[in-house]
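First the structure, in the form of structure tokens, and then the observations on it.
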Amino acid sequence: MTQISVLIVGIILIVLITWWFFGKHQVETKEAKMEQSKQIIDIKVDGGYSPEQVIVKKGIPTELRFTKLDNSSCLDHVVFPDFGINQALPQDQTTSIMLNTEESGEFEWSCGMNMFHGKLIVK
Amino acid sequence: MNLSITKRFFISLFLTFPLLVEMILMPLGWSLPGHNLIAFLLTTLIMLLSAQPFWRSAWSASKKHHANMDTLVAVGTATAYFYSIYAMLFHQPVYFESAAVVTTFVLLGQVFEERMRKQAANATEKLLKLQAKSALVWRAGQYITLPLAEIQINDQVKVLPGEKVPIDGVVIDGHSSIDESSITGESLPIEKQVDDPVIGATINTNGTLIIKVTKTQNETMLQQIVDVVKKAQVSRAPIQKLTDKVSDVFVPIVLIIAIITFLAWYLALHLPVGQSLSYSVAVIVIACPCALGLATPTALMVGTGRSAKMGILIKNGDVLEIAENIKTVVFDKTGTITQGQPLVTDVFGSNKNSIIQLAASLEQLSEHPLAKAIFNAGHDAKITTLPVNNFQSLTGIGAQGMIQDHSIVLGNNQILSSDTKISNDFIQKTVQLEAEAKTIVYLSVDAVVIGIIAIQDIPKTSSKAAIAMLKSRGIKTVMLTGDNQGVAKNIGQSVGIDQVIANVLPTEKAETIIQLQKSGTVAFVGDGINDAPALTTADLGIAMGSGSDIAIDSGDIVLVKNDLQDVTRAIEISQKTFHKIKANLFWAFIYNIIGIPIAAGVFTNSGLTLSPELAGLAMAFSSISVVFNSLLLNETRIQ
């Protein structure tokens, strides 16, 4: 009896893991808010990035404000390969990254170990 | 509470120590008095102070449907810890030390890894530190010390002997020799006088210079180099796409394998719960996605950083894979293989000094490249020029004028009109020099040729060695030029090039490269200013800089120093970096592919098992070894 219930629990766990991590889930997306001559987005760094997807307008300087709350060493840098940015994010602080979003397109960013990802969409 | 990784490690190490001692002494029959309770208390403290951030981070990540390294550590330690509490209450064997030791080892790994990652990434910071902090700037009638940010274009700056040139500029007074090795990698100091450009962050050795600033702090060559390197360091090598895919699914799959491991041991092989769990904890702990994630970026960082120090700027990660497959290197002739400026190579006649003196005097006013070569030859021989009367430029022929009441004519064979006398010696010499693909200029005094001057755009001193280096690597070398076949062949032979393609118009260069690409990957080496189409057409564009004139925007690789041997070095360091990435990826994959089955107990029958503690140690060292392996790129030998 115990054996069968252990087996069932195990299988349920496997199914849950598969659904939770591999299933399709909505990505948290946010649009930039305008402030004077630039657009600003606050991004919380805690077990990944929230929002994970950021939409900004083309041609207006963009400021991304990363606030790192997570202690993980994986997230201690944020990397924008297309912009040549590899910025350290000190713990419990907000770090601003200025981007020149002159071209429209989708630009990925990631953590220093390329485990967590985010996407900047310039429209 | 947010403690640094280092603090968390030391707390964990201190609290784990009694458990480690016990683990070692246990086989000798000694165990900690009141083991369970002490182990419980120590481990609880470790979990609270050192492991809790892993749990927190794993939790926030999983809320977003993500899993990473922290997820594995958190699940592994939490399983061992909470099961042990349960086991303690029901008087079964406990595994507190697994949770404690794994935490300590994982943190140990992270402490090392953090240090080494910093070391791998600091190449650009080191470059920027080369800059002087302040400069002596002329303001309101005197030189005052100002920070670099306040310097403007056209400011006058004084550079004292032994000091760094603060910013890019042009010498307007004084002369000195400057050590440019920090920027170009060139080891010999370079003489600078009025009108010569100087580069910020190079070292002024012996004289005082006054310079006029030509670039602001954010536009200097150093800043441009730093920008290129920064960009290259975070660029993605195509090979990385594979790991991107793997790392997305890696952690959840490991969790599933761990559950299957537990089920197999507990249900099929009837092992007690505790031991079955210990196998699955080992699986979770040994799996290391970090090593996979770090394999490419760390090697790229170290490789591009090292090459920048040698004056070779690799623009991005794509370059590495292309360099690996180069079959043909095509060189532009003028300015790349050759100096780009004609030089006087031979002076023939009875009084060489007087020939040069007369010729240089006549040409001092001319701007023609050949005239410049002659004037420079006079300058180098420290000859004083004589006054010229009735100077007249003969288009397409040369020049003539009166010097000390003699009629002097300098020009090509068209000056040998019927009334100009020339001896047989000169005619023979001319034939010989023309065979060497040199341009001949005749000097006649009162209608008698008294000397001939041979001029040639000679190959750079480094060209021959550079081409030999490429050939020794099995790479075919080709020279492209607009010159006629004779001149081109001669230069090609003197530097040992495999194939010469002559009579190529500048607009046809890209076309020729497409032809050559049919037989393999082609690299093109040009000066980066006139050769932009060819540089982009070739699979790999290598732009050569000359002095401070660097076309940083063109080419996939930019050579700061005007030394052709850097072409081979650039290819070599690209290949070595690429090999390093491949080796890193190989070890990171193999480690996981072999490590996980061992930890799961697949080889238990042959006596090969891994406790969670050892699995934690192995995990820590796998990511350290990847970073360490990348750092070794700093030490490899480059020709």
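Identifiers in this document derive from the order of the structure tokens: chains are assigned A, B, ..., residues are numbered from 1 separately in each chain, and ligands are numbered from 1 in order of occurrence.
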Each residue of chain A with at least one atom at most 9 Å from chain B should appear once, together with its nearest atom pair and the corresponding distance in Å (one decimal); atoms considered: only C-alpha atoms; ordering: chain, then increasing residue number; output as a Markdown table.
```
| residue | atom | partner | partner_atom | distance |
| --- | --- | --- | --- | --- |
| A:Gln3 | CA | B:Leu267 | CA | 6.4 |
| A:Ile4 | CA | B:Leu267 | CA | 8.7 |
| A:Val6 | CA | B:Leu263 | CA | 7.8 |
| A:Leu7 | CA | B:Leu263 | CA | 6.7 |
| A:Gly10 | CA | B:Ile259 | CA | 6.4 |
| A:Ile11 | CA | B:Ile259 | CA | 8.5 |
| A:Leu13 | CA | B:Ile259 | CA | 8.0 |
| A:Ile14 | CA | B:Ile256 | CA | 5.7 |
| A:Ile17 | CA | B:Pro252 | CA | 6.6 |
| A:Thr18 | CA | B:Pro252 | CA | 7.2 |
| A:Trp20 | CA | B:His65 | CA | 6.0 |
| A:Phe21 | CA | B:His65 | CA | 5.1 |
| A:Phe22 | CA | B:Val249 | CA | 7.7 |
| A:Gly23 | CA | B:His65 | CA | 8.8 |
| A:His25 | CA | B:His65 | CA | 7.8 |
| A:Val27 | CA | B:Lys64 | CA | 8.6 |
| A:Glu28 | CA | B:Lys64 | CA | 9.0 |
| A:Asp46 | CA | B:Ser60 | CA | 6.1 |
| A:Gly47 | CA | B:Ala61 | CA | 3.6 |
| A:Gly48 | CA | B:Ala61 | CA | 5.8 |
| A:Tyr49 | CA | B:Lys64 | CA | 8.8 |
| A:Ser50 | CA | B:Lys64 | CA | 8.7 |
| A:Asp70 | CA | B:Ser57 | CA | 5.9 |
| A:Asn71 | CA | B:Pro53 | CA | 6.0 |
| A:Ser72 | CA | B:Ser57 | CA | 6.3 |
| A:Ser73 | CA | B:Gln110 | CA | 7.7 |
| A:Cys74 | CA | B:Met69 | CA | 8.2 |
| A:Val79 | CA | B:Val234 | CA | 6.7 |
| A:Phe80 | CA | B:Val234 | CA | 7.3 |
| A:Pro81 | CA | B:Ser235 | CA | 4.8 |
| A:Asp82 | CA | B:Ser235 | CA | 7.1 |
| A:Phe83 | CA | B:Lys231 | CA | 7.0 |
| A:Gly84 | CA | B:Lys231 | CA | 3.7 |
| A:Ile85 | CA | B:Lys231 | CA | 6.8 |
| A:Asn86 | CA | B:Val234 | CA | 6.5 |
| A:Gln91 | CA | B:Asn2 | CA | 8.5 |
| A:Asp92 | CA | B:Asn2 | CA | 8.8 |
| A:Gly112 | CA | B:Leu294 | CA | 8.5 |
| A:Met113 | CA | B:Gly293 | CA | 5.1 |
| A:Asn114 | CA | B:Gly293 | CA | 6.0 |
| A:Met115 | CA | B:Ser247 | CA | 6.7 |
| A:Phe116 | CA | B:His66 | CA | 7.7 |
```
| query | Residues of segment 5-115 of chain A in helix (DSSP H, G or I) according to DSSP, as an MDAnalysis selection string? | reply | chainID A and resid 5:22 73:76
| Can you tell me how far atom CA of Val102 of chain B sits from atom CA of Gly34 of chain B, in Å to one decimal? | 22.0 Å
| field | Å distance separating atom CA of Gln639 of chain B from atom CA of Arg569 of chain B, one decimal place | value | 6.4 Å
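The protein and nucleic acid residues lying at most 10 Å from segment 57-60 of chain A are Glu31, Ala32, Lys33, Met34, Ser37, Lys38, Gln39, Ile55, Thr62, Glu63, Leu99, Asn100, Thr101, Glu102, Glu103, Ser104, Gly105, Ile121, Val122 and Lys123 of chain A, with only C-alpha atoms considered and sequence neighbours fewer than 2 positions away removed.
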| query | Counting only C-alpha atoms, which of A:Leu75, A:Pro61, A:Leu89, A:Leu120 gets nearest to Glu35 of chain A? | reply | A:Pro61
| Using only C-alpha atoms, which residues sit within 9 Å of Lys44 of chain A once same-chain residues fewer than 3 positions away are excluded, as an MDAnalysis selection string? | chainID A and resid 48:51 65:69 94
| message | Give me the residues near Lys438 of chain B as a PyMOL selection string, where near means some atom within 12 Å (using only C-alpha atoms) and where sequence neighbours in that chain fewer than 2 positions away do not count. | response | chain B and resi 342-347+370+429-436+440-441+452-458+486-488+490-491
Deliver the residues from the most recent selection as a file, using N, CA and C atoms, as a short mmCIF file (atom, residue, chain, number, x, y, z; two decimals), in the first residue's frame.
```cif
data_model
loop_
_atom_site.label_atom_id
_atom_site.label_comp_id
_atom_site.auth_asym_id
_atom_site.auth_seq_id
_atom_site.Cartn_x
_atom_site.Cartn_y
_atom_site.Cartn_z
N PRO B 342 56.19 55.40 -51.10
CA PRO B 342 57.40 55.08 -51.85
C PRO B 342 58.65 55.57 -51.10
N LEU B 343 59.72 54.80 -51.21
CA LEU B 343 60.98 55.17 -50.57
C LEU B 343 62.08 55.09 -51.59
N VAL B 344 63.10 55.94 -51.40
CA VAL B 344 64.28 55.85 -52.27
C VAL B 344 65.07 54.61 -51.86
N THR B 345 65.25 53.69 -52.83
CA THR B 345 65.96 52.45 -52.49
C THR B 345 67.40 52.48 -53.00
N ASP B 346 67.63 53.09 -54.16
CA ASP B 346 69.00 53.11 -54.72
C ASP B 346 69.31 54.51 -55.27
N VAL B 347 70.55 54.94 -55.06
CA VAL B 347 71.04 56.15 -55.71
C VAL B 347 72.30 55.74 -56.46
N LEU B 370 56.34 60.62 -55.43
CA LEU B 370 57.74 60.31 -55.74
C LEU B 370 58.64 61.45 -55.28
N LYS B 429 72.42 50.16 -65.60
CA LYS B 429 71.88 50.17 -64.22
C LYS B 429 70.35 50.30 -64.27
N THR B 430 69.88 51.14 -65.18
CA THR B 430 68.44 51.35 -65.31
C THR B 430 67.72 50.05 -65.63
N VAL B 431 68.30 49.29 -66.57
CA VAL B 431 67.69 48.02 -66.97
C VAL B 431 67.59 47.09 -65.76
N GLN B 432 68.69 47.07 -64.98
CA GLN B 432 68.73 46.18 -63.81
C GLN B 432 67.69 46.60 -62.76
N LEU B 433 67.60 47.91 -62.50
CA LEU B 433 66.68 48.39 -61.47
C LEU B 433 65.22 48.22 -61.90
N GLU B 434 64.96 48.42 -63.18
CA GLU B 434 63.58 48.25 -63.66
C GLU B 434 63.14 46.80 -63.56
N ALA B 435 64.12 45.88 -63.71
CA ALA B 435 63.80 44.46 -63.56
C ALA B 435 63.37 44.15 -62.14
N GLU B 436 63.84 44.99 -61.20
CA GLU B 436 63.45 44.79 -59.80
C GLU B 436 62.14 45.53 -59.48
N ILE B 440 62.23 54.53 -61.86
CA ILE B 440 63.53 55.21 -62.04
C ILE B 440 63.31 56.71 -62.32
N VAL B 441 64.12 57.52 -61.65
CA VAL B 441 64.11 58.96 -61.89
C VAL B 441 65.54 59.37 -62.28
N ILE B 452 71.03 58.45 -61.21
CA ILE B 452 69.67 57.93 -61.25
C ILE B 452 69.25 57.54 -59.84
N ILE B 453 67.97 57.71 -59.59
CA ILE B 453 67.41 57.40 -58.26
C ILE B 453 66.31 56.38 -58.47
N ALA B 454 66.38 55.29 -57.71
CA ALA B 454 65.32 54.26 -57.81
C ALA B 454 64.40 54.39 -56.62
N ILE B 455 63.11 54.31 -56.91
CA ILE B 455 62.11 54.49 -55.85
C ILE B 455 61.16 53.30 -55.84
N GLN B 456 60.80 52.86 -54.66
CA GLN B 456 59.88 51.72 -54.58
C GLN B 456 59.07 51.78 -53.29
N ASP B 457 57.84 51.28 -53.40
CA ASP B 457 57.04 51.10 -52.19
C ASP B 457 57.46 49.75 -51.62
N ILE B 458 58.40 49.78 -50.68
CA ILE B 458 59.01 48.51 -50.26
C ILE B 458 58.15 47.80 -49.22
N GLY B 486 54.20 42.92 -63.45
CA GLY B 486 55.64 42.90 -63.18
C GLY B 486 55.96 43.36 -61.77
N VAL B 487 55.48 44.56 -61.43
CA VAL B 487 55.73 45.12 -60.10
C VAL B 487 55.15 44.19 -59.03
N ALA B 488 53.91 43.75 -59.27
CA ALA B 488 53.23 42.94 -58.28
C ALA B 488 53.97 41.64 -58.01
N ASN B 490 57.09 40.98 -58.47
CA ASN B 490 58.35 41.21 -57.79
C ASN B 490 58.15 41.35 -56.27
N ILE B 491 57.18 42.15 -55.90
CA ILE B 491 56.90 42.34 -54.46
C ILE B 491 56.44 41.01 -53.86
#
```
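Shortest atom-to-atom contact with Thr214 of chain B among B:Gln156, B:Thr184, B:Thr16, B:Thr384: B:Gln156, counting only C-alpha atoms.
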| query | Running DSSP on the backbone, which parts of segment 418-485 of chain B land in strand (DSSP E), as a ChimeraX atom specification? | reply | /B:439-445,448-456,476-480
Selection to disk with C-alpha atoms, as a short mmCIF file (atom, residue, chain, number, x, y, z; two decimals), in the first residue's frame:
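And here is the file that came out, again04.cif:
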```cif
data_model
loop_
_atom_site.label_atom_id
_atom_site.label_comp_id
_atom_site.auth_asym_id
_atom_site.auth_seq_id
_atom_site.Cartn_x
_atom_site.Cartn_y
_atom_site.Cartn_z
CA THR B 439 60.58 53.33 -60.55
CA ILE B 440 63.53 55.21 -62.04
CA VAL B 441 64.11 58.96 -61.89
CA TYR B 442 66.96 60.61 -63.82
CA LEU B 443 68.86 63.69 -62.70
CA SER B 444 70.57 65.75 -65.36
CA VAL B 445 72.84 68.78 -64.88
CA VAL B 448 74.11 65.47 -68.82
CA VAL B 449 72.66 62.68 -66.68
CA ILE B 450 74.78 62.52 -63.53
CA GLY B 451 72.67 60.19 -61.44
CA ILE B 452 69.67 57.93 -61.25
CA ILE B 453 67.41 57.40 -58.26
CA ALA B 454 65.32 54.26 -57.81
CA ILE B 455 62.11 54.49 -55.85
CA GLN B 456 59.88 51.72 -54.58
CA LYS B 476 47.31 29.92 -48.60
CA THR B 477 48.40 33.55 -49.05
CA VAL B 478 47.21 35.82 -51.85
CA MET B 479 48.11 39.43 -52.69
CA LEU B 480 45.68 41.77 -54.44
#
```
| If we count only C-alpha atoms, what is near segment 158-171 of chain B at a cut-off of 9 Å, once residues fewer than 6 positions away on the same chain are taken out, given as an MDAnalysis selection string? | chainID B and resid 130:138 143 148 151 178 192:217 219:222 548
| What is the atom CA of Ser176 of chain B to atom CA of Asp380 of chain B distance in Å? | 17.9 Å
| said: Give me the residues near segment 329-331 of chain B as a PyMOL selection string, where near means some atom within 10 Å (using only C-alpha atoms) and where sequence neighbours in that chain fewer than 4 positions away do not count. | reply: chain B and resi 335-337+467+470-471+475-481+497+499-501+512-513+516+521-527+534+538+540-542+564+567-568
